[in-house]
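The next block holds one structure in the form of structure tokens; read it before the comments.
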Amino acid sequence: MKIEYKIFSSFYFVLLTINILLCSCGSSRIEEVPNNTPKKLLPKINIVTPNSGAIGDTVKIIGVNFGEVKGDLTIKFGDKTAEIIDFTDKQLTTKVPFLDSLGDTKLTVKAGDLESNTIVFVLKDHSRKISKVIDKQLWFVNEAYNTSGYRTILDDLGFHYFKGATTTMPREQPVPWSKNTETFAYGVGKNITDNVYIESGWNKPWIFQIAISTPGIHDTQDGSAQTKAWYRTSNNNGASFTPLKLLVVKGYTNMNPIEGVEIGRNGYNVDFTRPIVRASNGEIMVPVCLSPWDEINNKIYLPIQEGWFYQDAGVLIGKWLSDGSDLTWEFGGWLRLNHNKSTRGLSEPSIVELKTNGHFAMVCRGSNSGRPELPGHAWVSFSNDYCRTWSEPIPFIFSNGETFYVPACQSALFKSKINGKTYWIGNLQQENTKGNFPRYPLVIGEVDLDNFGVIKETVIEMDTRQPQDESEDIQLSNFQIYESNETDEIVVSLRRRKGVVSASRDSWYHIKLN
């Protein structure tokens with residue numbers, strides 16, 4: 001009996017222990033707090049179409065669980081990040097980036113911290129597609145060389161940015177100060193560098209136009225002391241516009257419209273040389289430049305007399321009212337470059353939003369006027385807060401790290417609305433420039449938004465100095481950009497200039513983008 005009792009006791013003890021452990025586990029599950037946050041699912045690639053192609057080709061990635069936040073998405077071809085052109089939770093559109101070698105490369109999608117399965121993409125052509133000049137019309141300063149009939153392509157409405165019935169602003173405007181009228185300089189909206197902005201691409205019939213005015217002749221060298229910026233809006237696709245009014249940043253006044261400016265003392269410029277840009281958050285970005293005031297010496301700031309003038313760069317930020325009847329204006333701050341790098345500071349800024357929302361690049365005109373030993377560059381700066389603040393400017397160069405030079409003249413960034421690529425147009429030189437010259441050749445090249453710079457292999461020449469008629473001071477600059485509404489084509493137009501004399505008609509270049 002004693003043996004049986006011991007066996008029974010031992011058996012009972014084991015059962016009791018198991019029961020306690022089971023109860024303890026059950027108790028733990030009951031006390032867990034339910035997690036109602038939906039678990040993120042791994043992104044999965046089902047199909048890549050096409051699954052082979054060349055650098056720059058458009059590719060669609062079809063699958064699931066890509067998410068709805070562009071900033072969370074990364075597309076990789078091997079170790080190269082690709083641009084996201086369009087996206088939904090189930091489909092991504094991208095372009096093949098520059099890859100180091102032909103053949104198989106692993107394509108993956110990352111949504112936040114979650115990485116997809118791998119699909120093989122086959123690179124068949126290692127050469128980059130480049131843009132092509134498919135037609136051109138040259139028109140010389142010396143009329144003796146204009147022996148053929150003039151052809152115009154700009155009558156093609158497919159290249160007109162603005163087609164509204166009312167585009168012409170008044171030449172004069174009454175003003176509430178001593179000089180009674182102002183003379184206006186403005187564009188009429190046919191090209192994307194005309195300081196006209198159209199919201200119709202986002203299904204809103206809203207438009208605004210900007211004009212600058214002075215009571216006399218506008219001159220940057222005098223500090224633009226009387227220059228003023230005006231604007232008007234339309235919320236019916238241009239059928240009618242509001243009266244022109246001064247552009248004033250929130251918290252400022254008509255005579256002090258933006259930080260650092262007092263009308264009659266110094267001014268700022270809204271140049272007609274680059275596109276107005278819509279940011280990913282819906283804000284409207286207008287690049288501007290300032291003739292800064294020297295508070296110590298009580299005059300326009302001019303650190304190097306031989307530089308002629310000096311400027312800072314920045315971006316005006318517009319926000320539409322909910323009904324499209326007007327905009328409110330903000331300003332982040334002015335960006336300055338030391339005169340020992342650019343004797344004229346930073347002028348004629350041009351901007352583009354990068355692949356990350358709110359991140360921008362700004363390319364500005366620089367100069368080595370008066371200091372020919374300095375390298376003549378365009379300069380690039382970066383913002384990660386929707387153009388409020390900017391990094392220290394650095395030379396704008398090729399994406400492979402090689403240097404090129406740019407004279408003190410206009411250049412422009414623009415992003416094609418058809419193919420989504422970004423391009424730079426300007427006067428590119430392999431050797432150092434001397435102030436404003438030489439202003440040829442005129443080139444266009446694609447911009448690498450990841451390793452920001454011009455992709456050397458894509459640069460093509462649109463025009464250059466013609467030996468039979470043109471000396472080294474010929475100017476192929478101050479261009480306008482007309483963009484097709486249906487195809488990936490543009491027309492670049494300019495008026496050749498030699499000293500103070502200009503050609504009687506525009507030269508133009510019809511370009512098929514890569």
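By convention in this document, the chains of the structure tokens carry letters A, B, ... by their order, each chain's residues are numbered from 1, and ligands are numbered from 1 in the order they are shown.
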request  = Write out as a PyMOL selection string all residues of range 240-450 of chain A that backbone DSSP assigns to strand (DSSP E).
outcome  = chain A and resi 245-246+268-269+277-278+284-290+293-294+299-300+312-320+327-331+347-353+360-365+378-383+394-395+412-415+422-427+442-448
query = Which polymer residues have any atom within 7 Å of an atom of Pro287 in chain A, counting only C-alpha atoms, with same-chain residues fewer than 2 positions away left out, as a PyMOL selection string?
reply = chain A and resi 270+285+314-316+349-350
request  = Can you pull out every residue within 7 Å of range 118-130 of chain A, counting only C-alpha atoms, but drop anything in the same chain fewer than 2 positions away, and send it as a ChimeraX atom specification?
outcome  = /A:51-56,101-108,116,132,457-458,514
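Among the candidates A:Val454, A:Leu476, A:Ile61, A:Ala408, the residue lying nearest to Thr433 in chain A is A:Ala408 (atoms considered: only C-alpha atoms).
Distances here use only C-alpha atoms; by that measure, the residue among A:Arg496, A:Lys319, A:Lys299, A:Arg365 closest to Cys409 in chain A is A:Arg365.
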ask   = Excluding same-chain residues fewer than 3 positions from Leu513 in chain A, what lies within 7 Å of it counting only C-alpha atoms, as JSON, numbers by chain?
value = {"A": [131, 132, 488, 489]}
inquiry  = Need the shell around Lys76 in chain A: protein/DNA/RNA residues with any atom at most 7 Å away, counting only C-alpha atoms. Skip same-chain ones fewer than 3 positions apart. Format as an MDAnalysis selection string?
reply    = chainID A and resid 79:82 107:109
ask   = Got a sec: who's within 10 Å of range 368-381 of chain A, counting only C-alpha atoms, leaving out chain neighbours fewer than 4 positions off, as a ChimeraX atom specification?
value = /A:304-309,335,337,339-347,349-351,360-364,389-397,403-411,426,428-429,431-437,452-453
query = Contacts of Lys95 in chain A at 6 Å or less, counting only C-alpha atoms, minus same-chain residues fewer than 2 places along, as number ranges by chain?
reply = A: 56-59
Since we have the selection now, will you write its residues out, keeping N, CA, C and O atoms, as a JSON list (two decimals), in the first residue's frame?
```json
[["chain", "number", "residue", "atom", "x", "y", "z"],
["A", 56, "GLY", "N", 16.85, 54.05, -69.62],
["A", 56, "GLY", "CA", 15.86, 55.09, -69.93],
["A", 56, "GLY", "C", 14.52, 54.57, -70.36],
["A", 56, "GLY", "O", 13.56, 55.34, -70.46],
["A", 57, "ASP", "N", 14.39, 53.26, -70.63],
["A", 57, "ASP", "CA", 13.09, 52.70, -71.01],
["A", 57, "ASP", "C", 12.11, 52.74, -69.84],
["A", 57, "ASP", "O", 12.49, 52.60, -68.67],
["A", 58, "THR", "N", 10.83, 52.90, -70.17],
["A", 58, "THR", "CA", 9.78, 52.87, -69.15],
["A", 58, "THR", "C", 9.41, 51.42, -68.83],
["A", 58, "THR", "O", 9.24, 50.61, -69.74],
["A", 59, "VAL", "N", 9.30, 51.12, -67.54],
["A", 59, "VAL", "CA", 9.00, 49.77, -67.08],
["A", 59, "VAL", "C", 7.85, 49.84, -66.08],
["A", 59, "VAL", "O", 7.82, 50.72, -65.22]]
```
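With distances restricted to only C-alpha atoms, A:Asp463 is the closest residue to Trp139 in chain A from A:Asp463, A:Thr422, A:Val491, A:Ser280.
Residue nearest Phe66 in chain A within the list A:Asn203, A:Ser325, A:Asn46, A:Thr253: A:Asn46 [criterion: smallest interatomic distance, only C-alpha atoms].
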